[in-house]
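A.B. asks: File follows, coords-v8.cif with mmCIF, C-alpha atoms:
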```
data_protein
loop_
_atom_site.label_atom_id
_atom_site.label_comp_id
_atom_site.auth_asym_id
_atom_site.auth_seq_id
_atom_site.Cartn_x
_atom_site.Cartn_y
_atom_site.Cartn_z
CA MET Z 6 126.96 107.10 122.05
CA ASP Z 7 124.85 106.08 119.04
CA PRO Z 8 124.39 109.15 116.78
CA GLN Z 9 120.62 108.67 116.71
CA ILE Z 10 120.47 108.65 120.51
CA ILE Z 11 122.55 111.86 120.72
CA ILE Z 12 120.00 113.52 118.43
CA ALA Z 13 116.96 112.14 120.27
CA ARG Z 14 118.29 113.14 123.71
CA ARG Z 15 119.04 116.68 122.59
CA VAL Z 16 115.65 117.14 120.90
CA ALA Z 17 113.90 115.86 124.04
CA ARG Z 18 115.32 118.87 125.92
CA GLU Z 19 113.35 121.20 123.64
CA LEU Z 20 110.00 119.89 124.91
CA LYS Z 21 108.22 121.73 127.71
CA SER Z 22 105.51 120.71 130.14
CA GLY Z 23 102.05 121.02 128.59
CA ASN Z 24 103.34 120.89 125.01
CA LEU Z 25 101.31 119.08 122.34
CA VAL Z 26 103.97 117.30 120.28
CA ASN Z 27 103.88 115.34 117.03
CA LEU Z 28 106.81 113.04 116.29
CA GLY Z 29 107.58 111.81 112.78
CA ILE Z 30 108.89 108.35 112.00
CA GLY Z 31 112.55 107.32 112.33
CA ILE Z 32 114.84 109.26 114.68
CA PRO Z 33 111.96 111.57 115.82
CA THR Z 34 110.07 108.58 117.26
CA LEU Z 35 113.03 107.91 119.59
CA VAL Z 36 112.60 111.33 121.23
CA ALA Z 37 109.71 110.07 123.39
CA ASN Z 38 112.13 107.66 125.11
CA TYR Z 39 114.18 110.55 126.54
CA VAL Z 40 111.48 112.86 127.89
CA PRO Z 41 111.75 113.01 131.70
CA ALA Z 42 108.88 111.15 133.40
CA ASP Z 43 107.82 114.24 135.39
CA LEU Z 44 107.42 116.35 132.23
CA LYS Z 45 103.77 116.30 131.15
CA VAL Z 46 103.98 116.24 127.36
CA PHE Z 47 101.04 115.26 125.14
CA PHE Z 48 102.09 113.21 122.12
CA GLN Z 49 99.80 113.24 119.10
CA SER Z 50 99.59 110.45 116.56
CA GLU Z 51 98.09 111.96 113.40
CA ASN Z 52 95.89 108.95 112.76
CA GLY Z 53 93.69 110.26 115.56
CA LEU Z 54 95.10 110.17 119.09
CA ILE Z 55 96.51 112.50 121.73
CA GLY Z 56 98.12 110.64 124.60
CA THR Z 57 100.07 107.89 122.86
CA GLY Z 58 101.55 105.33 125.23
CA PRO Z 59 104.27 102.71 124.90
CA ILE Z 60 104.06 99.53 122.83
CA PRO Z 61 101.69 97.19 124.69
CA GLU Z 62 102.99 94.07 126.38
CA GLN Z 63 103.02 90.79 124.47
CA GLY Z 64 99.46 89.69 123.73
CA MET Z 65 97.90 93.04 124.72
CA ALA Z 66 97.88 94.81 121.34
CA HIS Z 67 94.54 95.96 119.95
CA PRO Z 68 93.95 96.15 116.17
CA THR Z 69 92.23 99.55 116.45
CA LEU Z 70 94.96 101.24 118.51
CA THR Z 71 97.99 101.94 116.34
CA ASP Z 72 100.46 104.66 115.43
CA ALA Z 73 100.60 106.35 112.03
CA GLY Z 74 102.71 103.47 110.71
CA GLY Z 75 100.04 100.94 111.71
CA ARG Z 76 102.09 99.55 114.62
CA PRO Z 77 100.36 98.70 117.91
CA ILE Z 78 100.61 101.33 120.64
CA SER Z 79 98.81 102.00 123.92
CA ALA Z 80 96.99 105.07 125.20
CA LEU Z 81 97.80 106.90 128.43
CA PRO Z 82 95.14 107.84 131.00
CA GLY Z 83 93.60 111.08 129.76
CA ALA Z 84 94.10 110.21 126.09
CA ALA Z 85 91.67 111.51 123.47
CA THR Z 86 90.72 110.10 120.06
CA PHE Z 87 89.33 111.98 117.05
CA ASP Z 88 88.89 111.79 113.29
CA SER Z 89 91.41 112.89 110.66
CA ALA Z 90 89.79 116.29 110.02
CA MET Z 91 90.22 117.13 113.73
CA SER Z 92 93.73 115.69 113.73
CA PHE Z 93 94.86 117.89 110.85
CA GLY Z 94 92.87 120.84 112.17
CA LEU Z 95 95.08 120.55 115.26
CA ILE Z 96 98.19 120.40 113.07
CA ARG Z 97 97.39 123.09 110.50
CA GLY Z 98 95.60 125.30 113.01
CA GLY Z 99 98.69 125.97 115.12
CA HIS Z 100 97.56 123.86 118.09
CA VAL Z 101 100.57 121.56 117.90
CA ASP Z 102 103.39 123.23 119.84
CA VAL Z 103 106.28 121.22 118.43
CA THR Z 104 106.71 118.79 115.57
CA VAL Z 105 109.89 116.76 115.18
CA LEU Z 106 110.52 115.46 111.67
CA GLY Z 107 113.23 113.62 109.79
CA GLY Z 108 114.94 115.33 106.88
CA LEU Z 109 116.68 114.60 103.61
CA GLN Z 110 118.03 118.15 103.20
CA VAL Z 111 117.78 121.47 105.06
CA ASP Z 112 119.14 124.54 103.32
CA ALA Z 113 120.90 127.71 104.45
CA HIS Z 114 117.56 129.47 104.98
CA GLY Z 115 115.98 126.61 106.92
CA LEU Z 116 113.88 125.22 104.09
CA LEU Z 117 113.26 121.47 104.43
CA ALA Z 118 113.05 118.70 101.83
CA ASN Z 119 111.92 115.39 103.31
CA TRP Z 120 109.25 113.75 101.17
CA MET Z 121 110.59 112.55 97.84
CA ILE Z 122 113.63 111.78 95.73
CA PRO Z 123 112.44 112.21 92.12
CA GLY Z 124 112.73 109.01 90.09
CA LYS Z 125 113.87 107.02 93.11
CA MET Z 126 111.58 107.30 96.08
CA VAL Z 127 108.07 108.70 95.73
CA PRO Z 128 106.24 107.50 98.82
CA GLY Z 129 103.98 110.55 99.19
CA MET Z 130 104.12 113.36 101.70
CA GLY Z 131 101.62 111.94 104.19
CA GLY Z 132 101.24 114.56 106.91
CA ALA Z 133 104.67 116.20 106.57
CA MET Z 134 103.59 119.24 104.53
CA ASP Z 135 100.77 120.08 106.94
CA LEU Z 136 103.04 119.66 109.96
CA VAL Z 137 105.68 122.04 108.59
CA SER Z 138 103.04 124.55 107.49
CA GLY Z 139 101.09 124.57 110.74
CA ALA Z 140 103.01 123.51 113.85
CA LYS Z 141 104.21 126.35 116.09
CA ARG Z 142 107.80 125.03 116.12
CA VAL Z 143 109.37 122.67 113.60
CA ILE Z 144 112.47 120.75 114.66
CA VAL Z 145 114.35 118.56 112.19
CA ALA Z 146 116.13 115.56 113.70
CA MET Z 147 118.57 113.98 111.27
CA GLN Z 148 122.13 112.82 110.75
CA HIS Z 149 124.44 115.65 109.75
CA ALA Z 150 125.64 113.82 106.65
CA ALA Z 151 124.59 110.77 104.64
CA LYS Z 152 127.31 108.68 102.93
CA GLY Z 153 129.76 111.53 103.57
CA LYS Z 154 127.48 114.10 101.92
CA SER Z 155 126.23 117.08 103.92
CA LYS Z 156 122.47 117.15 104.50
CA ILE Z 157 122.75 120.84 105.47
CA VAL Z 158 122.98 122.27 101.96
CA ALA Z 159 123.29 125.72 100.39
CA LYS Z 160 120.03 125.17 98.49
CA CYS Z 161 117.76 122.11 98.51
CA SER Z 162 118.07 120.10 95.29
CA LEU Z 163 115.13 117.90 96.34
CA PRO Z 164 111.49 119.10 96.26
CA LEU Z 165 110.60 121.26 99.26
CA THR Z 166 108.17 120.16 101.94
CA SER Z 167 107.04 123.72 102.69
CA ALA Z 168 107.91 127.31 101.88
CA ARG Z 169 108.07 127.92 105.62
CA PRO Z 170 111.54 127.53 107.18
CA VAL Z 171 112.07 125.17 110.10
CA ASN Z 172 113.04 126.52 113.51
CA LEU Z 173 115.83 124.20 114.59
CA VAL Z 174 117.95 121.36 113.20
CA VAL Z 175 119.49 118.86 115.60
CA THR Z 176 122.09 116.49 114.17
CA ASP Z 177 124.66 114.10 115.64
CA MET Z 178 127.25 116.91 115.25
CA ALA Z 179 125.48 120.18 115.89
CA VAL Z 180 122.42 122.26 116.69
CA ILE Z 181 121.63 124.78 113.98
CA GLY Z 182 119.12 127.64 114.15
CA PHE Z 183 118.07 130.30 111.66
CA PRO Z 184 118.06 133.70 113.42
CA GLY Z 185 117.38 136.39 110.82
CA GLY Z 186 116.89 133.65 108.20
CA LYS Z 187 120.56 132.60 108.25
CA ALA Z 188 121.87 129.17 109.23
CA THR Z 189 123.75 129.61 112.49
CA LEU Z 190 125.78 127.12 114.52
CA LEU Z 191 124.24 127.18 118.01
CA GLU Z 192 125.86 124.13 119.66
CA THR Z 193 128.35 121.40 118.87
CA ALA Z 194 128.02 117.76 119.95
CA PRO Z 195 130.34 116.49 122.70
CA GLY Z 196 133.84 115.89 121.32
CA ILE Z 197 133.12 117.69 118.03
CA SER Z 198 134.91 120.96 117.23
CA ILE Z 199 133.49 123.93 115.36
CA GLY Z 200 136.03 123.26 112.59
CA GLU Z 201 134.85 119.66 112.22
CA VAL Z 202 131.23 120.80 111.85
CA LEU Z 203 132.12 123.45 109.27
CA ALA Z 204 134.24 120.96 107.33
CA VAL Z 205 131.28 118.61 106.72
CA THR Z 206 128.60 121.28 106.24
CA GLU Z 207 127.85 122.42 102.69
CA ALA Z 208 125.76 125.44 103.73
CA GLU Z 209 127.58 128.48 105.02
CA LEU Z 210 127.09 128.62 108.80
CA ALA Z 211 127.30 131.78 110.87
CA VAL Z 212 129.41 131.10 113.98
CA PRO Z 213 128.67 133.25 117.03
CA ASP Z 214 131.43 134.14 119.53
CA SER Z 215 130.17 131.53 121.93
CA VAL Z 216 129.12 128.07 120.70
CA PRO Z 217 128.38 125.90 123.74
CA GLU Z 218 128.55 122.11 123.83
CA MET Z 219 125.26 120.26 123.31
CA GLN Z 220 123.72 119.15 126.63
CA ILE Z 221 122.45 115.62 126.33
CA MET A 5 69.30 102.36 105.75
CA LYS A 6 68.96 98.94 104.18
CA ALA A 7 70.66 95.84 105.60
CA VAL A 8 72.23 93.73 102.84
CA SER A 9 74.75 90.92 102.42
CA VAL A 10 78.28 91.79 101.39
CA GLU A 11 77.72 90.00 98.04
CA GLU A 12 74.62 92.11 97.25
CA ALA A 13 76.36 95.34 98.24
CA VAL A 14 79.42 94.78 96.07
CA ALA A 15 77.27 93.60 93.14
CA MET A 16 75.87 97.17 93.04
CA ILE A 17 79.34 98.67 92.46
CA PRO A 18 80.19 98.72 88.75
CA ALA A 19 83.71 98.16 87.41
CA GLY A 20 85.40 101.53 86.96
CA ALA A 21 83.51 103.13 89.86
CA SER A 22 85.00 105.84 92.08
CA VAL A 23 85.31 104.45 95.59
CA MET A 24 86.40 106.07 98.86
CA VAL A 25 87.68 103.62 101.44
CA GLY A 26 88.11 104.47 105.12
CA GLY A 27 91.14 103.37 107.10
CA PHE A 28 94.69 104.36 107.92
CA MET A 29 97.33 101.74 107.08
CA GLY A 30 94.55 99.15 107.04
CA VAL A 31 93.24 100.14 110.48
CA GLY A 32 89.51 100.92 110.40
CA THR A 33 89.08 99.48 106.91
CA PRO A 34 86.04 97.50 105.65
CA GLU A 35 87.98 94.28 104.97
CA ARG A 36 84.90 92.22 104.05
CA LEU A 37 83.92 94.67 101.30
CA LEU A 38 87.49 94.69 99.95
CA ASP A 39 87.62 90.87 99.91
CA GLU A 40 84.34 90.84 98.00
CA LEU A 41 85.54 93.47 95.48
CA VAL A 42 88.44 91.11 94.77
CA ARG A 43 86.16 88.04 94.56
CA GLN A 44 83.81 89.80 92.12
CA ASN A 45 86.85 91.16 90.21
CA LYS A 46 85.71 94.80 90.07
CA THR A 47 88.41 96.25 87.84
CA GLY A 48 89.37 99.80 86.87
CA LEU A 49 88.50 101.31 90.24
CA SER A 50 89.22 104.94 90.95
CA LEU A 51 90.31 104.62 94.58
CA ILE A 52 90.38 107.41 97.14
CA CYS A 53 92.10 106.25 100.32
CA ASN A 54 94.67 107.77 102.68
CA ASP A 55 97.31 105.20 101.82
CA ALA A 56 97.85 101.94 99.94
CA ALA A 57 98.22 99.93 103.19
CA ILE A 58 100.47 96.88 102.75
CA PRO A 59 100.09 93.84 100.47
CA GLY A 60 97.44 91.45 101.81
CA ARG A 61 95.87 94.01 104.13
CA GLY A 62 93.13 96.61 103.69
CA VAL A 63 93.16 98.29 100.27
CA GLY A 64 96.49 96.53 99.70
CA LYS A 65 94.34 93.61 98.49
CA LEU A 66 93.00 95.75 95.64
CA PHE A 67 96.57 96.33 94.41
CA ASP A 68 97.40 92.62 94.82
CA ALA A 69 94.51 91.88 92.44
CA ALA A 70 95.38 94.83 90.12
CA LEU A 71 91.87 96.33 90.42
CA VAL A 72 92.94 99.97 90.75
CA SER A 73 93.45 102.24 87.73
CA LYS A 74 93.54 105.58 89.54
CA LEU A 75 94.56 106.39 93.11
CA THR A 76 94.22 109.55 95.18
CA ALA A 77 96.21 109.12 98.41
CA THR A 78 98.67 110.79 100.76
CA HIS A 79 101.24 108.01 101.17
CA ILE A 80 101.93 104.76 99.35
CA GLY A 81 105.50 104.12 100.49
CA LEU A 82 104.74 101.00 102.52
CA ASN A 83 103.13 99.08 99.65
CA PRO A 84 105.79 97.99 97.12
CA LYS A 85 103.09 96.63 94.76
CA ALA A 86 101.32 100.00 94.58
CA GLN A 87 104.71 101.67 94.00
CA GLN A 88 105.54 99.23 91.17
CA GLN A 89 102.14 99.77 89.55
CA MET A 90 102.63 103.54 89.78
CA LEU A 91 106.17 103.47 88.35
CA GLY A 92 104.96 101.06 85.61
CA ASN A 93 102.17 103.53 84.70
CA GLN A 94 99.48 100.91 85.42
CA ILE A 95 97.85 103.30 87.85
CA ALA A 96 97.62 107.08 87.78
CA VAL A 97 98.49 108.37 91.25
CA ASP A 98 97.61 111.76 92.69
CA LEU A 99 99.53 112.35 95.92
CA VAL A 100 97.90 114.88 98.24
CA PRO A 101 99.02 116.22 101.65
CA GLN A 102 97.02 114.41 104.33
CA GLY A 103 95.40 117.50 105.83
CA THR A 104 94.41 118.66 102.36
CA PHE A 105 93.11 115.18 101.48
CA VAL A 106 90.73 115.07 104.45
CA GLU A 107 89.59 118.69 104.02
CA ARG A 108 88.82 118.12 100.32
CA ILE A 109 86.64 115.16 101.31
CA ARG A 110 85.06 117.12 104.15
CA ALA A 111 84.28 119.93 101.68
CA GLY A 112 82.77 117.39 99.28
CA GLY A 113 80.49 116.12 102.02
CA CYS A 114 79.54 119.55 103.34
CA GLY A 115 78.46 121.27 100.14
CA LEU A 116 81.60 123.38 99.80
CA GLY A 117 83.43 123.96 96.51
CA GLY A 118 86.78 123.46 98.20
CA VAL A 119 89.06 124.86 100.88
CA LEU A 120 91.90 127.37 101.14
CA THR A 121 94.98 125.87 102.78
CA PRO A 122 98.51 127.17 103.38
CA THR A 123 99.82 123.61 103.00
CA GLY A 124 101.72 123.13 99.75
CA VAL A 125 102.26 126.82 98.90
CA GLY A 126 105.67 127.13 97.24
CA THR A 127 106.01 123.36 96.61
CA LEU A 128 105.28 120.90 93.78
CA VAL A 129 101.77 120.54 95.23
CA ALA A 130 100.95 124.10 94.14
CA GLU A 131 101.50 123.37 90.44
CA GLY A 132 98.39 124.07 88.38
CA LYS A 133 96.41 125.37 91.36
CA ARG A 134 95.01 128.81 92.06
CA GLN A 135 96.80 130.72 94.79
CA ILE A 136 94.60 133.17 96.68
CA GLU A 137 95.70 135.79 99.18
CA VAL A 138 93.59 136.38 102.27
CA ASP A 139 94.74 139.19 104.57
CA GLY A 140 98.16 139.06 102.92
CA GLN A 141 98.63 135.31 103.48
CA PRO A 142 98.92 132.95 100.47
CA PHE A 143 96.63 129.91 100.32
CA LEU A 144 96.03 127.20 97.72
CA LEU A 145 92.53 126.58 96.44
CA GLU A 146 91.97 122.85 96.87
CA THR A 147 88.76 121.60 95.32
CA ALA A 148 86.18 119.31 96.91
CA LEU A 149 86.48 115.55 96.50
CA ARG A 150 83.54 113.14 96.28
CA ALA A 151 83.02 109.56 95.11
CA GLN A 152 80.19 107.38 93.87
CA TYR A 153 80.69 105.00 96.79
CA ALA A 154 82.12 105.33 100.30
CA LEU A 155 83.13 102.06 101.96
CA VAL A 156 83.22 102.70 105.68
CA HIS A 157 84.09 100.61 108.71
CA ALA A 158 82.74 101.31 112.21
CA PHE A 159 82.87 99.63 115.62
CA LEU A 160 79.15 99.77 116.35
CA ALA A 161 76.01 100.18 114.26
CA ASP A 162 72.52 100.08 115.69
CA TYR A 163 69.53 98.69 113.76
CA LEU A 164 68.86 102.19 112.33
CA GLY A 165 72.43 102.66 111.10
CA ASN A 166 73.79 105.06 113.71
CA LEU A 167 77.55 104.51 113.89
CA ALA A 168 80.31 104.75 116.50
CA TYR A 169 83.99 104.17 115.85
CA ALA A 170 86.81 102.79 118.01
CA LEU A 171 90.11 104.50 118.92
CA THR A 172 92.37 105.12 115.91
CA ALA A 173 90.02 103.17 113.60
CA ARG A 174 87.85 106.29 113.24
CA ASN A 175 90.29 108.27 111.04
CA PHE A 176 88.69 109.08 107.65
CA ASN A 177 85.52 107.00 108.07
CA PRO A 178 83.04 109.60 109.39
CA ILE A 179 84.32 112.21 106.89
CA MET A 180 83.94 109.83 103.92
CA ALA A 181 80.48 108.79 105.11
CA MET A 182 79.34 112.29 104.11
CA ALA A 183 81.10 112.56 100.75
CA ALA A 184 79.70 109.81 98.51
CA ASP A 185 76.46 109.17 96.61
CA THR A 186 76.12 105.75 98.24
CA VAL A 187 77.53 104.83 101.66
CA ILE A 188 78.12 101.16 102.49
CA VAL A 189 79.18 100.21 106.01
CA THR A 190 80.69 97.19 107.70
CA VAL A 191 80.88 97.05 111.51
CA GLU A 192 82.36 94.97 114.31
CA ASN A 193 79.06 94.80 116.19
CA ILE A 194 75.42 95.35 115.28
CA VAL A 195 73.50 96.38 118.39
CA PRO A 196 69.90 97.34 119.29
CA VAL A 197 68.77 100.94 118.94
CA GLY A 198 69.60 102.79 122.14
CA VAL A 199 72.85 100.98 122.88
CA ILE A 200 74.73 103.88 121.29
CA ALA A 201 73.78 106.92 123.36
CA PRO A 202 72.91 110.03 121.33
CA ASP A 203 76.06 111.84 122.48
CA HIS A 204 78.17 108.90 121.27
CA VAL A 205 76.76 108.64 117.75
CA MET A 206 79.54 109.80 115.42
CA THR A 207 77.77 109.19 112.09
CA PRO A 208 73.97 109.67 112.25
CA ALA A 209 71.84 106.95 110.65
CA PRO A 210 70.46 108.98 107.70
CA LEU A 211 73.98 109.10 106.19
CA VAL A 212 74.17 105.30 105.90
CA ASP A 213 72.61 103.71 102.81
CA TYR A 214 73.61 100.06 103.30
CA LEU A 215 74.72 98.16 106.37
CA ILE A 216 76.41 94.82 105.72
CA THR A 217 74.78 92.09 107.78
CA ASN A 218 76.78 89.61 109.85
CA GLY A 219 78.27 86.91 107.63
#
```
Rewrite the structure from the file as structure tokens, please.

C.D. replies:
Amino acid sequence: MDPQIIIARRVARELKSGNLVNLGIGIPTLVANYVPADLKVFFQSENGLIGTGPIPEQGMAHPTLTDAGGRPISALPGAATFDSAMSFGLIRGGHVDVTVLGGLQVDAHGLLANWMIPGKMVPGMGGAMDLVSGAKRVIVAMQHAAKGKSKIVAKCSLPLTSARPVNLVVTDMAVIGFPGGKATLLETAPGISIGEVLAVTEAELAVPDSVPEMQI
Amino acid sequence: MKAVSVEEAVAMIPAGASVMVGGFMGVGTPERLLDELVRQNKTGLSLICNDAAIPGRGVGKLFDAALVSKLTATHIGLNPKAQQQMLGNQIAVDLVPQGTFVERIRAGGCGLGGVLTPTGVGTLVAEGKRQIEVDGQPFLLETALRAQYALVHAFLADYLGNLAYALTARNFNPIMAMAADTVIVTVENIVPVGVIAPDHVMTPAPLVDYLITNG
């Protein structure tokens, strides 16, 4: 299975009925595709919408109905629109139950860096810093390693997104949590051993007696 | 409110002015005013806008024409021209978290000196800012943001200047309409007074200084 799809399917299992959820761009966007149809989840787009729907059919796009990347979307029955102060009031005010974000690095204490690579890529933080500061649960969805280099690091070398640690990291190899502020291996992906995860993880991971296989 | 042509409105804006522009990735942006800023070659603008859009669209046109000397925004990653101009030191860029950006503008429009936000504490964003503890929680003091001009785009305006916005094109527009000395508005539709019901007015008429007439 495609690594991105493994991640998206596993993250989707974290969402509960009634949750207000904000998905970042990249792998997080894919999560919506794997939420069971009978699960009533509200997806927020931070440009001012709760109740985002799928990409409209050919010829049905409207220029004033887009996602945060400016791409056409639709709105589900029961959707609500609002201005940016309301949108970020929802985010910073703890009304968003779960945010799923991409990551460049997560460190051994759960601190996330995902908004710039000094001297190389300075796009701006957009809404990421508010989402990590304010959402009730922060889940990072990212590949375990990039070009053979662990993205789960002892200490972030890139600028932090927030001083608040994330709650869960889901990669194509593992699920990692931070009970007591310490990176802990919670699950391994199908066909991946604990040893294989530890071998490609820079941060020290606590390994409990039982590490179940990821359900996807 | 005064109804004016787009040429008259832009002629009032001097080169080097501070200008807030509504829109999110070019959605809900006053395109006609931006086209006219380019046509009248208003250089040295201090631009306050969520993002730099993309070349050829929204405020992206201002970067195409190299009219911007200072930018306050939350994200410019999708406009390579804005990135080049930033890395080449042609424009000074202040990157601000999006929730902080909108609250600073809201504060500017509501008579507040600023806001206290947890966003950015312990990051590069905190550099040079006052950190204040409230009930044991750290917050950053983020100061109010205003501009000489707000360029706003709405879906409907009535003859008095009451405004209503559409779907995700609302974004920063109603907030910016409160935070500038002069507010200039383009709309999709100008309608008779009464067409927008009182409960559906999102920006009340007294906030609008100039409404751009149909071309």

A.B. asks: Can you list what the PyMOL selection byres ((chain Z) within 8 of (chain A)) grabs from this structure, as a VMD selection string?

C.D. replies: chain Z and resid 52 to 54 68 to 71 73 to 75 86 to 90 93 to 94 97 127 to 135 138 to 139 164 to 168

A.B. asks: Write the residues of the preceding selection, restricted to C-alpha atoms, as a PDB file, keeping the file's coordinate frame.

C.D. replies:
```
ATOM      1  CA  ASN Z  52      95.890 108.950 112.760  1.00  0.00           C
ATOM      2  CA  GLY Z  53      93.690 110.260 115.560  1.00  0.00           C
ATOM      3  CA  LEU Z  54      95.100 110.170 119.090  1.00  0.00           C
ATOM      4  CA  PRO Z  68      93.950  96.150 116.170  1.00  0.00           C
ATOM      5  CA  THR Z  69      92.230  99.550 116.450  1.00  0.00           C
ATOM      6  CA  LEU Z  70      94.960 101.240 118.510  1.00  0.00           C
ATOM      7  CA  THR Z  71      97.990 101.940 116.340  1.00  0.00           C
ATOM      8  CA  ALA Z  73     100.600 106.350 112.030  1.00  0.00           C
ATOM      9  CA  GLY Z  74     102.710 103.470 110.710  1.00  0.00           C
ATOM     10  CA  GLY Z  75     100.040 100.940 111.710  1.00  0.00           C
ATOM     11  CA  THR Z  86      90.720 110.100 120.060  1.00  0.00           C
ATOM     12  CA  PHE Z  87      89.330 111.980 117.050  1.00  0.00           C
ATOM     13  CA  ASP Z  88      88.890 111.790 113.290  1.00  0.00           C
ATOM     14  CA  SER Z  89      91.410 112.890 110.660  1.00  0.00           C
ATOM     15  CA  ALA Z  90      89.790 116.290 110.020  1.00  0.00           C
ATOM     16  CA  PHE Z  93      94.860 117.890 110.850  1.00  0.00           C
ATOM     17  CA  GLY Z  94      92.870 120.840 112.170  1.00  0.00           C
ATOM     18  CA  ARG Z  97      97.390 123.090 110.500  1.00  0.00           C
ATOM     19  CA  VAL Z 127     108.070 108.700  95.730  1.00  0.00           C
ATOM     20  CA  PRO Z 128     106.240 107.500  98.820  1.00  0.00           C
ATOM     21  CA  GLY Z 129     103.980 110.550  99.190  1.00  0.00           C
ATOM     22  CA  MET Z 130     104.120 113.360 101.700  1.00  0.00           C
ATOM     23  CA  GLY Z 131     101.620 111.940 104.190  1.00  0.00           C
ATOM     24  CA  GLY Z 132     101.240 114.560 106.910  1.00  0.00           C
ATOM     25  CA  ALA Z 133     104.670 116.200 106.570  1.00  0.00           C
ATOM     26  CA  MET Z 134     103.590 119.240 104.530  1.00  0.00           C
ATOM     27  CA  ASP Z 135     100.770 120.080 106.940  1.00  0.00           C
ATOM     28  CA  SER Z 138     103.040 124.550 107.490  1.00  0.00           C
ATOM     29  CA  GLY Z 139     101.090 124.570 110.740  1.00  0.00           C
ATOM     30  CA  PRO Z 164     111.490 119.100  96.260  1.00  0.00           C
ATOM     31  CA  LEU Z 165     110.600 121.260  99.260  1.00  0.00           C
ATOM     32  CA  THR Z 166     108.170 120.160 101.940  1.00  0.00           C
ATOM     33  CA  SER Z 167     107.040 123.720 102.690  1.00  0.00           C
ATOM     34  CA  ALA Z 168     107.910 127.310 101.880  1.00  0.00           C
TER      35      ALA Z 168
END
```

A.B. asks: Rank Z:Met65, Z:Ile12, Z:Ile60, Z:Leu136 by their smallest atom-to-atom distance to Val26 (chain Z), using all atoms listed in the file, and report the top residue only.

C.D. replies: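 Ranking Z:Met65, Z:Ile12, Z:Ile60, Z:Leu136 by distance to Val26 (chain Z), first place goes to Z:Leu136.
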
A.B. asks: Given the choices A:Lys65, A:His157, A:Thr217, A:Lys85, which gets closest to Glu12 (chain A) if the distance is worked out from only C-alpha atoms?

C.D. replies: A:Thr217

A.B. asks: Could you tell me which of Z:Ala66, Z:Ala179, Z:Leu44, Z:Ala150 comes closest to Ser22 (chain Z) if we count all atoms listed in the file?

C.D. replies: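 Among the listed residues, the smallest separation from Ser22 (chain Z) belongs to Z:Leu44.
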
A.B. asks: For the structure provided, state which residues fall under the PyMOL selection byres ((chain A and resi 187-202) around 7), and present them as a PyMOL selection string.

C.D. replies: chain A and resi 34+153-164+181+184-186+203-205+212-216

A.B. asks: Using all atoms listed in the file, which residues sit within 7 Å of Leu71 (chain A) once same-chain residues fewer than 4 positions away are excluded, as a list in words?

C.D. replies: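 What passes the distance filter is Lys46, Thr47, Gly48, Leu49, Leu66 and Phe67 of chain A.
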
A.B. asks: How far is it from CA of Gln63 (chain Z) to CA of Pro59 (chain A), in Å with one decimal?

C.D. replies: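 Spanning CA of Gln63 (chain Z) to CA of Pro59 (chain A) is a straight-line distance of 24.4 Å.
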
A.B. asks: Could you please determine the separation between CA of Ala70 (chain A) and CA of Glu40 (chain A) in Å, to one decimal place?

C.D. replies: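 Value for the CA of Ala70 (chain A)-CA of Glu40 (chain A) distance: 14.1 Å.
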
A.B. asks: Name the residues, using the chain letters and numbers of the file, that sit within 8 Å of (104.3, 113.9, 125.0) when counting all atoms listed in the file, and give them as a CSV table (one decimal) with C-alpha atoms, in the coordinates of the input.

C.D. replies:
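That gives us point24.csv:
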```
chain,number,residue,atom,x,y,z
Z,24,ASN,CA,103.3,120.9,125.0
Z,25,LEU,CA,101.3,119.1,122.3
Z,26,VAL,CA,104.0,117.3,120.3
Z,37,ALA,CA,109.7,110.1,123.4
Z,40,VAL,CA,111.5,112.9,127.9
Z,45,LYS,CA,103.8,116.3,131.2
Z,46,VAL,CA,104.0,116.2,127.4
Z,47,PHE,CA,101.0,115.3,125.1
Z,48,PHE,CA,102.1,113.2,122.1
Z,49,GLN,CA,99.8,113.2,119.1
Z,56,GLY,CA,98.1,110.6,124.6
Z,57,THR,CA,100.1,107.9,122.9
```
